[in-house]
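Reading through the structure tokens given below for one structure.
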Amino acid sequence: MKEKLGFLVRHAIDSAVAAGHLKPIDPPPSMVLEIPKIATHGDFSTNIAMTMAAPQNRAPKEIARIIIDHIEDRDHLLSKTDVAGPGFINFFIALDRWHEVLKAVHQEDTAYGTSQAGLGKRVQIEFLSANPTGPLHVGHGRCAAVGDTLAAILSATGYEVEKEYYVNDSGRQIRTLGESVLVRYQQLLGKTIDLPAENYQGSYINDLARILLDQEGEHLLELPEEEAITHCARFAAMKIFEGIREDLVAFGVSFGHWFSEQFLYDSGAVQAVIQDLKSRDIIYEHDGALWFRTKDFGDEKDRVVVRANGLTTYFASDIAYHKDKFDRKFDRIIDIWGADHHGYVPRVSASIRALGYDGDRFQVFLIQLVNLLRGGKPVAMSTRAGEFVTLREVIDEVGRDAARFLFLLRHYESPLDFDLELAKKQSNDNPVYYVQYVHARISNILKKAEERGYKDIDWHDDFSKILTLPEELQLIKLMARYPEVVARSARLMEPHRVPFYMKELAAAFHAYYHDRNKHKVVSDDAKLSAARLYLVSAIRIIIKNGLSLMGVSAPETM
RNA sequence: GCGCCUGUAGCUCAGUUGGAUAGAGCAACGGACUUCUAAUCCGUAGGUCGCAGGUUCGAAUCCUGCCAGGCGUACCA
């Protein structure tokens with residue numbers, strides 16, 4: 001709808017210029033068409049006459065009038081056009097043109113809302129990538145929900161999307177994990193050793209030690225310490241990783257690729273990239289360590305890649321990792337990190353530029369932290385002390401649908417308060433059910449309608465003459481906006497726009513549904529019933545599509 | 001100190017790339033179930049958009065400086 005109108009206006013400006021009524025414009029003015037807040041200002045409005053006023057050296061209202069005079073509305077899209085305020089042009093869409101939206105929704109069905117902006121482009125989105133040193137917690141849940149939904153939204157706008165999880169299965173934190181498990185293992189066998197404070201303290205370490213003991217017996221005691229630690233580390237990381245994968249299944253998140261950090265070492269990729277950069281003097285030696293000249297590429301200082309003790313830093317493998325991503329030829333590479341990693345962005349960007357890649361293709365989105373509450377009171381969380389609420393506990397307690405919806409309901413740049421009590425409530429506080437209820441209600445209407453003989457209703461041109469109530473028109477206009485909501489959500493990488501739109505559509509439907517005396521969907525009037533059934537089933541399609549982007553189910557009954 | 005994020009109704013938050021009269025939900029108050037599902041709806045009330053300047057036809061939105069909160073600022077991950 002908006003595109004058609006945009007075409008009309010651009011065409012009008014061109015013909016006004018051709019007729020000599022306006023000066024040629026270079027570059028052509030950017031078109032902002034928007035839906036006014038106030039209904040009496042029309043279905044769409046544009047400020048284009050005002051932005052053209054200065055370069056044209058004419059009054060905005062005068063320009064607006066000229067543009068309107070040159071609109072050639074051959075398809076009778078518009079019922080009225082006028083100039084208002086300081087120079088807005090307000091457009092009123094002809095009533096019967098709106099109803100075609102319903103036809104489009106039904107025809108496109110699960111594809112309604114998809115678009116082509118990303119067609120032919122490959123995007124990789126890496127998210128979550130939690131270390132296999134402990135179970136997923138609530139904060140991970142937010143990253144998972146946001147990443148997964150962004151992937152779905154990008155996919156809906158035509159991109160070929162690859163979701164990847166980077167597994168930090170190497171390095172110091174894995175060794176620490178091994179040490180922690182070994183100590184607990186030894187304790188189980190009666191040895192009196194304390195768990196060092198820098199080790200992982202969580203009770204899941206005890207559980208892992210117990211499983212290890214049950215499965216393999218006491219033989220680890222006889223191994224040299226290094227070997228025992230390595231063995232424990234492998235065992236624990238594998239077990240924890242299995243758990244993470246199970247949690248992700250329960251949360252409805254899937255990855256196309258799992259990328260191992262260890263692989264970057266085993267394949268020699270890390271050493272190779274270090275050698276290469278060293279030969280180009282981008283990596284240099286100082287105080288016995290190897291430093292990357294990140295400062296020359298926008299970071300505030302140079303960063304260590306290999307420490308004086310010979311161990312590589314996390315940054316070293318990340319350089320090789322991002323090189324690998326670029327070598328896989330994606331048009332866009334997106335990293336989604338927790339906001340506590342934001343200080344890390346400049347050095348990774350620096351390394352990408354230092355390697356000669358196009359830094360514009362790389363974007364990092366930082367997800368702000370989650371504050372877990374219960375009944376308004378903060379729940380203490382500390383990974384190191386092992387006090388945290390796991391994602392699994394949240395899924396078990398509030399359900400996957402509620403958890404995902406609530407994680408998505410906030411702009412990712414805002415910290416999120418996640419209240420467990422609120423998430424469980426089946427009331428107005430909890431928008432998940434509010435939206436899902438629409439799907440259930442409409443499903444029920446369709447079931448009832450079928451019992452009365454209304455089935456598989458097709459579009460009929462009469463519908464535009466039947467569905468004329470203001471509420472019905474309002475619903476249709478709302479439905480017309482859906483594709484743009486998805487497109488905008490993808491363009492701005494802001495998934496929260498989808499649930500907000502869903503709430504709005506749900507509210508409009510509930511209000512419509514509730515006034516049954518005025519507009520009951522299924523009645524004795526066959527034509528009216530058919531038209532309204534067509535209307536509500538279109539709403540159901542959009543609700544289902546939107547929820548599907550969020551990974552939230554659309555129940556038939558509640 | 002420096003960097004990133006945030007600041008809008010009592011609370012939790014939206015706000016269409018700078019538009020016309022500031023928007024929801026919750027909480028509060030008053031109403032609606034003989035119904036296609038009340039997990040719903042209708043109404044009332046609630047605002048110095050953190051503060052101060054600036055940019056222009058026009059600012060919650062952009063710029064500058066403050067104030068407050070969160071996070072970060074390792075030869076940690």
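Numbering starts fresh at 1 for the residues of each chain in the structure tokens, the chains themselves are lettered A, B, ... in the order given, and ligands are numbered from 1 as they appear.
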Report task. Please identify all polymer residues within 10 Å of stretch 28-42 of chain B, counting only C-alpha atoms (C1' of nucleotides), omitting same-chain residues fewer than 4 positions from it, and present them as an MDAnalysis selection string. Result -> (chainID A and resid 425:428 430:438 440:449 507 510:517 520:523 557:558) or (chainID B and resid 10 46)
With C-alpha atoms (C1' of nucleotides) retained, could you export that selection as a tab-separated table (two decimals), in the first residue's frame?
chain	number	residue	atom	x	y	z
A	425	LYS	CA	0.98	-15.03	35.76
A	426	GLN	CA	-1.74	-15.77	33.28
A	427	SER	CA	-3.16	-12.31	33.16
A	428	ASN	CA	-2.94	-8.95	31.56
A	430	ASN	CA	1.69	-11.15	30.73
A	431	PRO	CA	1.40	-10.26	27.08
A	432	VAL	CA	2.28	-13.75	25.86
A	433	TYR	CA	-1.09	-15.15	26.73
A	434	TYR	CA	-2.81	-12.02	25.55
A	435	VAL	CA	-1.45	-12.61	22.06
A	436	GLN	CA	-1.77	-16.38	22.06
A	437	TYR	CA	-5.34	-16.01	23.23
A	438	VAL	CA	-6.19	-14.30	19.96
A	440	ALA	CA	-7.01	-19.66	20.34
A	441	ARG	CA	-10.14	-17.54	20.13
A	442	ILE	CA	-10.09	-17.32	16.37
A	443	SER	CA	-9.37	-21.03	16.09
A	444	ASN	CA	-12.43	-21.63	18.19
A	445	ILE	CA	-14.55	-19.35	16.06
A	446	LEU	CA	-13.46	-21.18	12.94
A	447	LYS	CA	-14.27	-24.48	14.57
A	448	LYS	CA	-17.73	-23.28	15.55
A	449	ALA	CA	-18.23	-21.85	12.09
A	507	ALA	CA	-5.76	-5.56	21.44
A	510	HIS	CA	-10.00	-8.53	21.45
A	511	ALA	CA	-11.94	-5.29	21.39
A	512	TYR	CA	-13.63	-6.27	18.13
A	513	TYR	CA	-14.40	-9.74	19.34
A	514	HIS	CA	-15.77	-8.59	22.62
A	515	ASP	CA	-18.57	-6.45	21.30
A	516	ARG	CA	-20.50	-9.44	20.09
A	517	ASN	CA	-23.85	-7.76	19.85
A	520	LYS	CA	-20.59	-11.31	16.01
A	521	VAL	CA	-18.49	-13.19	13.49
A	522	VAL	CA	-20.71	-16.20	12.96
A	523	SER	CA	-24.35	-15.26	12.60
A	557	THR	CA	-7.08	-23.82	22.51
A	558	MET	CA	-6.14	-22.35	25.84
B	10	G	C1'	3.36	5.78	40.82
B	46	G	C1'	-2.33	9.92	35.76
Can you list every residue of chain B that has an atom at most 12 Å from chain A, with its nearest atom pair and the distance in Å to one decimal, using only C-alpha atoms (C1' of nucleotides), ordered by chain then number, as a tab-separated table?
residue	atom	partner	partner_atom	distance
B:C2	C1'	A:Glu300	CA	10.0
B:G3	C1'	A:Gly343	CA	7.6
B:C4	C1'	A:His342	CA	6.6
B:C5	C1'	A:Glu413	CA	6.4
B:U6	C1'	A:Ser414	CA	6.3
B:G7	C1'	A:Ser414	CA	10.7
B:C11	C1'	A:Gly376	CA	10.3
B:U12	C1'	A:Asp417	CA	8.4
B:C13	C1'	A:Arg410	CA	7.7
B:A14	C1'	A:Phe500	CA	7.7
B:G15	C1'	A:Lys37	CA	10.7
B:U16	C1'	A:Glu34	CA	6.4
B:U17	C1'	A:Val32	CA	9.5
B:G18	C1'	A:Asn47	CA	10.7
B:G19	C1'	A:Asn47	CA	7.6
B:A20	C1'	A:Gly85	CA	6.5
B:U21	C1'	A:Ile38	CA	8.5
B:A22	C1'	A:Lys37	CA	10.4
B:G23	C1'	A:Lys37	CA	9.8
B:A24	C1'	A:Glu504	CA	8.6
B:G25	C1'	A:Asp429	CA	6.8
B:C26	C1'	A:Asp429	CA	6.0
B:A27	C1'	A:Asp429	CA	10.5
B:A32	C1'	A:His514	CA	10.1
B:C33	C1'	A:His514	CA	11.0
B:U35	C1'	A:Arg516	CA	7.5
B:C36	C1'	A:Ile445	CA	5.0
B:U37	C1'	A:Arg441	CA	6.5
B:A38	C1'	A:His514	CA	9.7
B:A39	C1'	A:Ser427	CA	5.4
B:U40	C1'	A:His510	CA	6.7
B:C41	C1'	A:His514	CA	5.8
B:C42	C1'	A:Ala511	CA	9.1
B:U56	C1'	A:Ala54	CA	11.7
B:C57	C1'	A:Pro86	CA	7.5
B:G58	C1'	A:Pro86	CA	9.1
B:G69	C1'	A:Pro415	CA	11.2
B:G70	C1'	A:Pro415	CA	7.9
B:C71	C1'	A:Asp340	CA	5.7
B:G72	C1'	A:Gly343	CA	5.8
B:U73	C1'	A:Gly343	CA	7.0
B:A74	C1'	A:Val304	CA	9.8
B:C75	C1'	A:Arg307	CA	4.6
B:C76	C1'	A:Thr313	CA	8.9
B:A77	C1'	A:Gln173	CA	6.7
Query - A:Ile193 surroundings by only C-alpha atoms (C1' of nucleotides), 12 Å radius, close-in-sequence under 3 positions cut, as a ChimeraX atom specification - result: /A:179-180,182-190,196
Report task. Go ahead and compute the interatomic distance for atom CA of A:Tyr165 and atom CA of A:Phe255, in Å to one decimal. Result -> 6.7 Å
Report task. Run DSSP on the backbone and give me the residues of stretch 333-374 of chain A it puts in strand (DSSP E or B), as a count of residues only. Result -> 17
**Report entry** All alpha helix (DSSP H) positions in stretch 273-485 of chain A, as number ranges by chain
**Finding:** A: 273-279, 314-327, 345-354, 391-398, 400-408, 420-424, 431-451, 463-466, 470-485
Could you name the residues that touch A:Ile205 at 12 Å or less, counting only C-alpha atoms (C1' of nucleotides), but leaving out those on the same chain fewer than 6 positions away, as a JSON list (two decimals) with all heavy atoms, in the first residue's frame?
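File written: selection34.json
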[["chain", "number", "residue", "atom", "x", "y", "z"],
["A", 133, "THR", "N", 31.51, -24.29, 30.40],
["A", 133, "THR", "CA", 32.07, -24.45, 31.74],
["A", 133, "THR", "C", 30.97, -24.38, 32.79],
["A", 133, "THR", "O", 31.25, -24.42, 33.98],
["A", 133, "THR", "CB", 33.10, -23.34, 32.03],
["A", 133, "THR", "OG1", 32.48, -22.07, 31.77],
["A", 133, "THR", "CG2", 34.32, -23.49, 31.16],
["A", 134, "GLY", "N", 29.72, -24.26, 32.33],
["A", 134, "GLY", "CA", 28.61, -24.22, 33.27],
["A", 134, "GLY", "C", 27.33, -24.14, 32.48],
["A", 134, "GLY", "O", 27.36, -23.85, 31.27],
["A", 135, "PRO", "N", 26.21, -24.43, 33.13],
["A", 135, "PRO", "CA", 24.93, -24.43, 32.41],
["A", 135, "PRO", "C", 24.53, -23.03, 31.95],
["A", 135, "PRO", "O", 25.02, -22.04, 32.48],
["A", 135, "PRO", "CB", 23.93, -24.97, 33.45],
["A", 135, "PRO", "CG", 24.63, -24.98, 34.75],
["A", 135, "PRO", "CD", 26.08, -24.77, 34.55],
["A", 176, "THR", "N", 40.62, -24.83, 33.99],
["A", 176, "THR", "CA", 40.09, -24.54, 35.32],
["A", 176, "THR", "C", 38.91, -25.46, 35.63],
["A", 176, "THR", "O", 38.75, -25.95, 36.75],
["A", 176, "THR", "CB", 39.62, -23.07, 35.41],
["A", 176, "THR", "OG1", 40.70, -22.24, 35.02],
["A", 176, "THR", "CG2", 39.17, -22.71, 36.80],
["A", 177, "LEU", "N", 38.10, -25.69, 34.62],
["A", 177, "LEU", "CA", 36.97, -26.60, 34.79],
["A", 177, "LEU", "C", 37.48, -27.98, 35.18],
["A", 177, "LEU", "O", 36.96, -28.60, 36.12],
["A", 177, "LEU", "CB", 36.17, -26.67, 33.48],
["A", 177, "LEU", "CG", 35.02, -27.67, 33.43],
["A", 177, "LEU", "CD1", 33.89, -27.24, 34.35],
["A", 177, "LEU", "CD2", 34.50, -27.82, 32.00],
["A", 178, "GLY", "N", 38.51, -28.45, 34.47],
["A", 178, "GLY", "CA", 39.09, -29.76, 34.75],
["A", 178, "GLY", "C", 39.62, -29.84, 36.17],
["A", 178, "GLY", "O", 39.37, -30.80, 36.90],
["A", 179, "GLU", "N", 40.32, -28.78, 36.58],
["A", 179, "GLU", "CA", 40.86, -28.73, 37.95],
["A", 179, "GLU", "C", 39.74, -28.81, 38.98],
["A", 179, "GLU", "O", 39.82, -29.55, 39.96],
["A", 179, "GLU", "CB", 41.64, -27.43, 38.16],
["A", 179, "GLU", "CG", 42.99, -27.39, 37.47],
["A", 179, "GLU", "CD", 43.61, -25.99, 37.46],
["A", 179, "GLU", "OE1", 43.00, -25.07, 38.08],
["A", 179, "GLU", "OE2", 44.65, -25.82, 36.82],
["A", 180, "SER", "N", 38.69, -28.04, 38.72],
["A", 180, "SER", "CA", 37.58, -27.98, 39.67],
["A", 180, "SER", "C", 36.94, -29.36, 39.83],
["A", 180, "SER", "O", 36.67, -29.81, 40.96],
["A", 180, "SER", "CB", 36.51, -26.99, 39.19],
["A", 180, "SER", "OG", 37.11, -25.77, 38.83],
["A", 181, "VAL", "N", 36.72, -30.02, 38.70],
["A", 181, "VAL", "CA", 36.09, -31.34, 38.77],
["A", 181, "VAL", "C", 37.00, -32.34, 39.46],
["A", 181, "VAL", "O", 36.56, -33.14, 40.28],
["A", 181, "VAL", "CB", 35.70, -31.83, 37.35],
["A", 181, "VAL", "CG1", 35.24, -33.26, 37.38],
["A", 181, "VAL", "CG2", 34.61, -30.94, 36.76],
["A", 182, "LEU", "N", 38.30, -32.24, 39.16],
["A", 182, "LEU", "CA", 39.24, -33.19, 39.77],
["A", 182, "LEU", "C", 39.26, -33.06, 41.29],
["A", 182, "LEU", "O", 39.26, -34.06, 42.01],
["A", 182, "LEU", "CB", 40.65, -32.98, 39.20],
["A", 182, "LEU", "CG", 41.71, -33.98, 39.69],
["A", 182, "LEU", "CD1", 41.32, -35.41, 39.32],
["A", 182, "LEU", "CD2", 43.09, -33.64, 39.14],
["A", 183, "VAL", "N", 39.24, -31.81, 41.76],
["A", 183, "VAL", "CA", 39.23, -31.60, 43.21],
["A", 183, "VAL", "C", 37.99, -32.23, 43.83],
["A", 183, "VAL", "O", 38.06, -32.97, 44.82],
["A", 183, "VAL", "CB", 39.29, -30.10, 43.56],
["A", 183, "VAL", "CG1", 39.01, -29.88, 45.04],
["A", 183, "VAL", "CG2", 40.64, -29.52, 43.18],
["A", 184, "ARG", "N", 36.83, -31.98, 43.22],
["A", 184, "ARG", "CA", 35.58, -32.55, 43.75],
["A", 184, "ARG", "C", 35.63, -34.08, 43.69],
["A", 184, "ARG", "O", 35.13, -34.77, 44.59],
["A", 184, "ARG", "CB", 34.39, -32.03, 42.95],
["A", 184, "ARG", "CG", 34.09, -30.55, 43.12],
["A", 184, "ARG", "CD", 33.78, -30.17, 44.54],
["A", 184, "ARG", "NE", 33.26, -28.80, 44.65],
["A", 184, "ARG", "CZ", 33.25, -28.10, 45.77],
["A", 184, "ARG", "NH1", 33.74, -28.63, 46.89],
["A", 184, "ARG", "NH2", 32.76, -26.88, 45.80],
["A", 185, "TYR", "N", 36.23, -34.60, 42.65],
["A", 185, "TYR", "CA", 36.36, -36.04, 42.47],
["A", 185, "TYR", "C", 37.21, -36.63, 43.59],
["A", 185, "TYR", "O", 36.86, -37.63, 44.21],
["A", 185, "TYR", "CB", 37.00, -36.28, 41.10],
["A", 185, "TYR", "CG", 37.38, -37.70, 40.74],
["A", 185, "TYR", "CD1", 36.47, -38.56, 40.12],
["A", 185, "TYR", "CD2", 38.68, -38.17, 40.98],
["A", 185, "TYR", "CE1", 36.84, -39.84, 39.76],
["A", 185, "TYR", "CE2", 39.05, -39.46, 40.63],
["A", 185, "TYR", "CZ", 38.14, -40.29, 40.01],
["A", 185, "TYR", "OH", 38.51, -41.56, 39.65],
["A", 187, "GLN", "N", 37.73, -35.25, 46.45],
["A", 187, "GLN", "CA", 37.01, -35.10, 47.72],
["A", 187, "GLN", "C", 36.03, -36.25, 47.92],
["A", 187, "GLN", "O", 35.88, -36.76, 49.02],
["A", 187, "GLN", "CB", 36.26, -33.76, 47.75],
["A", 187, "GLN", "CG", 37.17, -32.56, 47.97],
["A", 187, "GLN", "CD", 36.44, -31.24, 47.83],
["A", 187, "GLN", "OE1", 35.34, -31.18, 47.29],
["A", 187, "GLN", "NE2", 37.06, -30.16, 48.31],
["A", 188, "LEU", "N", 35.39, -36.66, 46.82],
["A", 188, "LEU", "CA", 34.43, -37.76, 46.92],
["A", 188, "LEU", "C", 35.13, -39.04, 47.36],
["A", 188, "LEU", "O", 34.52, -39.90, 47.99],
["A", 188, "LEU", "CB", 33.76, -38.00, 45.55],
["A", 188, "LEU", "CG", 32.70, -37.00, 45.13],
["A", 188, "LEU", "CD1", 32.25, -37.27, 43.71],
["A", 188, "LEU", "CD2", 31.51, -37.03, 46.07],
["A", 195, "LEU", "N", 38.82, -26.66, 47.52],
["A", 195, "LEU", "CA", 38.65, -26.16, 46.15],
["A", 195, "LEU", "C", 39.17, -24.72, 46.11],
["A", 195, "LEU", "O", 38.67, -23.86, 46.83],
["A", 195, "LEU", "CB", 37.17, -26.19, 45.76],
["A", 195, "LEU", "CG", 36.84, -25.84, 44.32],
["A", 195, "LEU", "CD1", 37.41, -26.86, 43.35],
["A", 195, "LEU", "CD2", 35.33, -25.75, 44.15],
["A", 199, "ASN", "N", 38.58, -21.44, 41.32],
["A", 199, "ASN", "CA", 37.92, -22.51, 40.58],
["A", 199, "ASN", "C", 36.41, -22.33, 40.58],
["A", 199, "ASN", "O", 35.85, -21.51, 41.32],
["A", 199, "ASN", "CB", 38.28, -23.86, 41.18],
["A", 199, "ASN", "CG", 39.68, -24.31, 40.74],
["A", 199, "ASN", "OD1", 40.46, -23.50, 40.23],
["A", 199, "ASN", "ND2", 39.98, -25.56, 40.93],
["A", 211, "ILE", "N", 29.22, -38.15, 38.55],
["A", 211, "ILE", "CA", 28.97, -38.92, 37.34],
["A", 211, "ILE", "C", 30.26, -39.56, 36.84],
["A", 211, "ILE", "O", 30.31, -40.73, 36.45],
["A", 211, "ILE", "CB", 28.35, -38.02, 36.23],
["A", 211, "ILE", "CG1", 27.00, -37.50, 36.67],
["A", 211, "ILE", "CG2", 28.22, -38.80, 34.92],
["A", 211, "ILE", "CD1", 26.45, -36.38, 35.78],
["A", 212, "LEU", "N", 31.33, -38.76, 36.88],
["A", 212, "LEU", "CA", 32.63, -39.25, 36.43],
["A", 212, "LEU", "C", 33.05, -40.47, 37.27],
["A", 212, "LEU", "O", 33.50, -41.48, 36.72],
["A", 212, "LEU", "CB", 33.66, -38.12, 36.57],
["A", 212, "LEU", "CG", 35.10, -38.44, 36.16],
["A", 212, "LEU", "CD1", 35.17, -38.81, 34.69],
["A", 212, "LEU", "CD2", 36.00, -37.23, 36.41],
["A", 232, "CYS", "N", 39.57, -34.85, 33.07],
["A", 232, "CYS", "CA", 38.40, -34.26, 33.73],
["A", 232, "CYS", "C", 37.82, -33.13, 32.87],
["A", 232, "CYS", "O", 36.60, -33.00, 32.74],
["A", 232, "CYS", "CB", 38.77, -33.69, 35.09],
["A", 232, "CYS", "SG", 39.02, -34.95, 36.34],
["A", 233, "ALA", "N", 38.71, -32.32, 32.32],
["A", 233, "ALA", "CA", 38.27, -31.17, 31.53],
["A", 233, "ALA", "C", 37.48, -31.64, 30.32],
["A", 233, "ALA", "O", 36.38, -31.13, 30.04],
["A", 233, "ALA", "CB", 39.48, -30.35, 31.08],
["A", 235, "PHE", "N", 35.99, -34.50, 29.85],
["A", 235, "PHE", "CA", 34.76, -35.15, 30.28],
["A", 235, "PHE", "C", 33.70, -34.10, 30.67],
["A", 235, "PHE", "O", 32.56, -34.13, 30.21],
["A", 235, "PHE", "CB", 35.06, -36.05, 31.49],
["A", 235, "PHE", "CG", 33.84, -36.69, 32.07],
["A", 235, "PHE", "CD1", 33.33, -37.86, 31.54],
["A", 235, "PHE", "CD2", 33.18, -36.11, 33.17],
["A", 235, "PHE", "CE1", 32.20, -38.44, 32.07],
["A", 235, "PHE", "CE2", 32.05, -36.68, 33.69],
["A", 235, "PHE", "CZ", 31.55, -37.85, 33.15],
["A", 236, "ALA", "N", 34.13, -33.13, 31.50],
["A", 236, "ALA", "CA", 33.18, -32.14, 32.02],
["A", 236, "ALA", "C", 32.65, -31.25, 30.90],
["A", 236, "ALA", "O", 31.44, -31.00, 30.80],
["A", 236, "ALA", "CB", 33.85, -31.30, 33.10],
["A", 237, "ALA", "N", 33.56, -30.80, 30.03],
["A", 237, "ALA", "CA", 33.14, -29.91, 28.95],
["A", 237, "ALA", "C", 32.13, -30.63, 28.05],
["A", 237, "ALA", "O", 31.13, -30.03, 27.63],
["A", 237, "ALA", "CB", 34.34, -29.45, 28.13],
["A", 239, "LYS", "N", 30.12, -33.11, 28.86],
["A", 239, "LYS", "CA", 28.85, -33.27, 29.58],
["A", 239, "LYS", "C", 28.06, -31.96, 29.62],
["A", 239, "LYS", "O", 26.86, -31.93, 29.38],
["A", 239, "LYS", "CB", 29.12, -33.74, 31.02],
["A", 239, "LYS", "CG", 29.36, -35.22, 31.15],
["A", 239, "LYS", "CD", 28.06, -36.00, 31.03],
["A", 239, "LYS", "CE", 28.35, -37.49, 30.91],
["A", 239, "LYS", "NZ", 27.25, -38.23, 30.28],
["A", 240, "ILE", "N", 28.78, -30.88, 29.95],
["A", 240, "ILE", "CA", 28.11, -29.59, 30.06],
["A", 240, "ILE", "C", 27.56, -29.18, 28.69],
["A", 240, "ILE", "O", 26.44, -28.68, 28.57],
["A", 240, "ILE", "CB", 29.07, -28.51, 30.60],
["A", 240, "ILE", "CG1", 29.37, -28.79, 32.06],
["A", 240, "ILE", "CG2", 28.48, -27.12, 30.44],
["A", 240, "ILE", "CD1", 30.46, -27.92, 32.65],
["A", 384, "ARG", "N", 30.49, -17.37, 39.47],
["A", 384, "ARG", "CA", 31.65, -17.91, 40.16],
["A", 384, "ARG", "C", 31.25, -18.62, 41.45],
["A", 384, "ARG", "O", 31.72, -19.70, 41.76],
["A", 384, "ARG", "CB", 32.64, -16.80, 40.48],
["A", 384, "ARG", "CG", 34.00, -17.31, 40.86],
["A", 384, "ARG", "CD", 35.08, -16.48, 40.23],
["A", 384, "ARG", "NE", 35.26, -16.82, 38.83],
["A", 384, "ARG", "CZ", 36.27, -17.55, 38.39],
["A", 384, "ARG", "NH1", 37.17, -18.02, 39.22],
["A", 384, "ARG", "NH2", 36.40, -17.81, 37.12],
["A", 385, "ALA", "N", 30.36, -17.99, 42.19],
["A", 385, "ALA", "CA", 29.93, -18.60, 43.44],
["A", 385, "ALA", "C", 28.90, -19.71, 43.18],
["A", 385, "ALA", "O", 28.49, -20.41, 44.10],
["A", 385, "ALA", "CB", 29.34, -17.54, 44.36],
["A", 386, "GLY", "N", 28.52, -19.85, 41.92],
["A", 386, "GLY", "CA", 27.59, -20.92, 41.60],
["A", 386, "GLY", "C", 26.16, -20.60, 41.96],
["A", 386, "GLY", "O", 25.31, -21.47, 41.99]]
Report task. Measuring atom to atom with only C-alpha atoms, identify which of A:Lys465, A:Arg347, A:Lys278, A:Arg122 is nearest to A:Phe326. Result ->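 For A:Phe326, the nearest of the given residues is A:Arg122.
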